[in-house]
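Q: What follows is a structure written as structure tokens; I'll ask about it next.
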Amino acid sequence: ANKKTGQMAQLWILNADLNPVDASKQKKDFSICGNCKLRKSLDGACYVNLGQAPLSVYKAYKLNKYPTLSNNNYNVLEGLKIRFGAYGDPFALPIEILSKLKAVATNNTSYTHQWRKGSETLKAVSMASVDNIREQKQAVANGWRTFRVAKLDSEILPNEIICPNVTKNISCDVCNLCSGANLKAKNIVIPVHGNGAKKF
């Protein structure tokens, strides 16, 4: 039902023992989001409403409503388009899990604020989430493709384009541009959005 992403499986990165609302309130969301300065726990501009989908997913998980995926059973996800991190930073996951997901997915989106310490494998599948032009230039210089949240009046660099969902109403499952540095394409800029936008 997500009109922006379209038909993509959603990967939620959550603390197994603390619901996402409490993790944020107690400032224990570092294990999920790393040093992202947009975190709710820092009164940041994160667009995710923790009391909605993340909390519902956590509750369903605690009620054992999700089947367990064994290490040898990734083929059940074969052919899916996967959003690596509807909430949470994919850097928080063991890289072998991301690699296995990438191997079976027909496409993915992925964004990490941990690009300064991300591996080459993460760089291949994930965009560097950057919050300003200075960070954008640093990430590009280190071989990343970037996804930059910006105010409406922000400069657009020659190596950037505005997200096609904004300009052409193309959903992520069709677009395919936010899948990391293995794709040779321009970097993406998106206007700040969500219920935290005024804090950006």
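For the structure tokens, the naming scheme is as follows: chains receive sequential letters (A, B, ...) according to their order of presentation, residues are indexed from 1 within each chain, and ligands are indexed from 1 in presentation order.
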Could you find all residues in region 41-147 of chain A that DSSP calls strand (DSSP E) from the backbone, and write them as a list of chain:residue names?

A: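 Result set for region 41-147 of chain A (strand (DSSP E)): A:Lys81, A:Ile82, A:Arg83, A:Phe84, A:Gly85, A:Ala86, A:Tyr87, A:Asn107, A:Asn108, A:Thr109, A:Ser110, A:Tyr111, A:Thr112, A:Met127, A:Ala128, A:Ser129, A:Val130, A:Thr146, A:Phe147.
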
Q: Just list the residues in chain A DSSP gives alpha helix (DSSP H) on the backbone, as a PyMOL selection string.

A: chain A and resi 20-25+30-33+53-62+95-104+120-125+133-141+164-168+172-175

Q: Save out the residues we just selected, N, CA and C atoms, as a compact mmCIF listing (two decimals), in the first residue's frame.

A:
# COMPACT_ATOMS: atom_id res chain seq x y z
N PRO A 20 10.45 -0.34 19.41
CA PRO A 20 11.11 0.84 18.84
C PRO A 20 10.75 2.16 19.49
N VAL A 21 9.54 2.27 20.03
CA VAL A 21 9.15 3.50 20.72
C VAL A 21 9.97 3.66 21.99
N ASP A 22 10.04 2.59 22.80
CA ASP A 22 10.82 2.65 24.04
C ASP A 22 12.31 2.78 23.76
N ALA A 23 12.79 2.11 22.72
CA ALA A 23 14.22 2.22 22.38
C ALA A 23 14.58 3.67 22.08
N SER A 24 13.69 4.37 21.39
CA SER A 24 13.94 5.77 21.09
C SER A 24 13.86 6.63 22.35
N LYS A 25 12.82 6.42 23.14
CA LYS A 25 12.66 7.21 24.36
C LYS A 25 13.83 7.03 25.31
N PHE A 30 20.73 3.37 19.02
CA PHE A 30 22.01 3.41 18.29
C PHE A 30 22.27 2.09 17.58
N SER A 31 21.90 0.97 18.21
CA SER A 31 22.14 -0.35 17.61
C SER A 31 21.34 -0.55 16.33
N ILE A 32 20.29 0.24 16.15
CA ILE A 32 19.43 0.13 14.97
C ILE A 32 19.82 1.18 13.94
N CYS A 33 20.04 2.39 14.38
CA CYS A 33 20.22 3.53 13.48
C CYS A 33 21.63 4.11 13.48
N ALA A 53 3.90 1.62 12.00
CA ALA A 53 4.39 0.36 11.43
C ALA A 53 5.51 -0.30 12.24
N PRO A 54 6.57 0.42 12.66
CA PRO A 54 7.62 -0.28 13.41
C PRO A 54 7.11 -0.97 14.67
N LEU A 55 6.23 -0.29 15.42
CA LEU A 55 5.69 -0.89 16.63
C LEU A 55 4.81 -2.09 16.30
N SER A 56 4.00 -1.99 15.24
CA SER A 56 3.14 -3.11 14.84
C SER A 56 3.96 -4.32 14.42
N VAL A 57 5.03 -4.07 13.67
CA VAL A 57 5.91 -5.17 13.25
C VAL A 57 6.56 -5.81 14.47
N TYR A 58 7.03 -4.99 15.41
CA TYR A 58 7.66 -5.51 16.62
C TYR A 58 6.68 -6.39 17.41
N LYS A 59 5.45 -5.91 17.58
CA LYS A 59 4.45 -6.69 18.33
C LYS A 59 4.15 -8.01 17.64
N ALA A 60 4.04 -7.98 16.32
CA ALA A 60 3.78 -9.22 15.59
C ALA A 60 4.94 -10.19 15.74
N TYR A 61 6.16 -9.66 15.71
CA TYR A 61 7.35 -10.48 15.91
C TYR A 61 7.32 -11.14 17.29
N LYS A 62 6.98 -10.37 18.32
CA LYS A 62 6.95 -10.91 19.68
C LYS A 62 5.85 -11.96 19.85
N ILE A 95 26.81 -8.29 7.26
CA ILE A 95 26.89 -8.06 5.82
C ILE A 95 26.54 -9.32 5.03
N GLU A 96 26.77 -10.50 5.63
CA GLU A 96 26.44 -11.73 4.91
C GLU A 96 24.93 -11.87 4.71
N ILE A 97 24.14 -11.31 5.62
CA ILE A 97 22.68 -11.33 5.45
C ILE A 97 22.28 -10.44 4.28
N LEU A 98 22.84 -9.23 4.23
CA LEU A 98 22.55 -8.35 3.10
C LEU A 98 22.98 -8.97 1.78
N SER A 99 24.12 -9.63 1.79
CA SER A 99 24.62 -10.25 0.56
C SER A 99 23.67 -11.35 0.09
N LYS A 100 23.17 -12.14 1.02
CA LYS A 100 22.23 -13.21 0.65
C LYS A 100 20.91 -12.65 0.15
N LEU A 101 20.44 -11.58 0.78
CA LEU A 101 19.21 -10.94 0.32
C LEU A 101 19.40 -10.35 -1.08
N LYS A 102 20.53 -9.68 -1.29
CA LYS A 102 20.83 -9.08 -2.59
C LYS A 102 20.90 -10.14 -3.67
N ALA A 103 21.44 -11.32 -3.32
CA ALA A 103 21.61 -12.39 -4.30
C ALA A 103 20.28 -12.92 -4.82
N VAL A 104 19.22 -12.87 -4.00
CA VAL A 104 17.94 -13.42 -4.44
C VAL A 104 16.96 -12.34 -4.92
N GLU A 120 32.90 -2.33 1.47
CA GLU A 120 32.72 -2.30 0.02
C GLU A 120 31.45 -3.04 -0.39
N THR A 121 31.10 -4.09 0.35
CA THR A 121 29.87 -4.83 0.05
C THR A 121 28.66 -3.96 0.30
N LEU A 122 28.65 -3.22 1.41
CA LEU A 122 27.53 -2.33 1.69
C LEU A 122 27.46 -1.22 0.64
N LYS A 123 28.61 -0.70 0.24
CA LYS A 123 28.66 0.35 -0.78
C LYS A 123 28.02 -0.14 -2.09
N ALA A 124 28.21 -1.40 -2.38
CA ALA A 124 27.69 -1.95 -3.64
C ALA A 124 26.17 -2.02 -3.66
N VAL A 125 25.55 -2.18 -2.48
CA VAL A 125 24.09 -2.38 -2.44
C VAL A 125 23.33 -1.20 -1.85
N ILE A 133 25.49 19.15 1.20
CA ILE A 133 26.35 19.05 0.02
C ILE A 133 27.78 18.67 0.40
N ARG A 134 28.26 19.15 1.52
CA ARG A 134 29.62 18.79 1.96
C ARG A 134 29.73 17.27 2.13
N GLU A 135 28.75 16.66 2.82
CA GLU A 135 28.77 15.21 3.00
C GLU A 135 28.62 14.49 1.66
N GLN A 136 27.81 15.04 0.78
CA GLN A 136 27.61 14.43 -0.53
C GLN A 136 28.94 14.32 -1.26
N LYS A 137 29.69 15.39 -1.26
CA LYS A 137 30.98 15.40 -1.96
C LYS A 137 31.98 14.43 -1.32
N GLN A 138 31.96 14.34 0.01
CA GLN A 138 32.85 13.40 0.70
C GLN A 138 32.51 11.96 0.33
N ALA A 139 31.22 11.64 0.35
CA ALA A 139 30.80 10.26 0.05
C ALA A 139 31.14 9.88 -1.39
N VAL A 140 30.86 10.79 -2.33
CA VAL A 140 31.16 10.52 -3.73
C VAL A 140 32.67 10.32 -3.92
N ALA A 141 33.47 11.12 -3.24
CA ALA A 141 34.92 10.98 -3.34
C ALA A 141 35.40 9.63 -2.83
N PRO A 164 12.92 10.51 -8.91
CA PRO A 164 11.88 10.39 -9.93
C PRO A 164 10.47 10.20 -9.37
N ASN A 165 10.35 9.79 -8.11
CA ASN A 165 9.02 9.72 -7.52
C ASN A 165 8.43 11.11 -7.38
N VAL A 166 9.30 12.08 -7.09
CA VAL A 166 8.87 13.47 -6.93
C VAL A 166 8.58 14.11 -8.29
N THR A 167 9.47 13.88 -9.26
CA THR A 167 9.34 14.57 -10.54
C THR A 167 8.41 13.87 -11.52
N LYS A 168 8.32 12.52 -11.44
CA LYS A 168 7.55 11.78 -12.45
C LYS A 168 6.57 10.78 -11.86
N CYS A 172 9.45 3.31 -6.38
CA CYS A 172 10.79 2.74 -6.19
C CYS A 172 10.95 1.38 -6.87
N ASP A 173 9.89 0.57 -6.87
CA ASP A 173 10.00 -0.77 -7.45
C ASP A 173 10.21 -0.72 -8.96
N VAL A 174 9.82 0.38 -9.57
CA VAL A 174 10.01 0.56 -11.01
C VAL A 174 11.30 1.32 -11.30
N CYS A 175 11.64 2.27 -10.44
CA CYS A 175 12.77 3.18 -10.67
C CYS A 175 14.12 2.47 -10.66

Q: Looking at A:Asn132, A:Phe91, A:Leu152, A:Gly143, which one is nearest to Lys117 (chain A), with distances taken over only C-alpha atoms?

A: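 Comparing A:Asn132, A:Phe91, A:Leu152, A:Gly143 against Lys117 (chain A), the winner is A:Phe91.
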
Q: Excluding same-chain residues fewer than 5 positions from Gly88 (chain A), what lies within 9 Å of it counting only C-alpha atoms, as a list in words?

A: Leu11, Trp12, Ile13, Leu14, Asp29, Ser31, Ile32, Cys33, Gly34 and Thr112 of chain A

Q: Please measure the separation of CA of Ile188 (chain A) and CA of Met127 (chain A), giving the value in Å to one decimal.

A: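 Computing it gives 9.0 Å between the two atoms.
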
Q: Tell me, in Å to one decimal, how far CA of Leu80 (chain A) is from CA of Gly51 (chain A).

A: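 Distance reported for this atom pair: 26.9 Å.
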
Q: Could you work out how far CA of Arg39 (chain A) lies from CA of Arg145 (chain A), giving the answer in Å with one decimal?

A: 22.0 Å

Q: May I ask which of the residues A:Gln7, A:Ser119, A:Asn187, A:Thr68 is the closest one to Lys81 (chain A), counting only C-alpha atoms?

A: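 So, comparing all the options, the nearest one is A:Gln7.
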
Q: For a quick check of understanding, using only C-alpha atoms, which of A:Lys28, A:Arg83, A:Lys151, A:Lys4 has the smallest distance to Thr106 (chain A)?

A: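 Among the listed residues, A:Arg83 lies closest to Thr106 (chain A).
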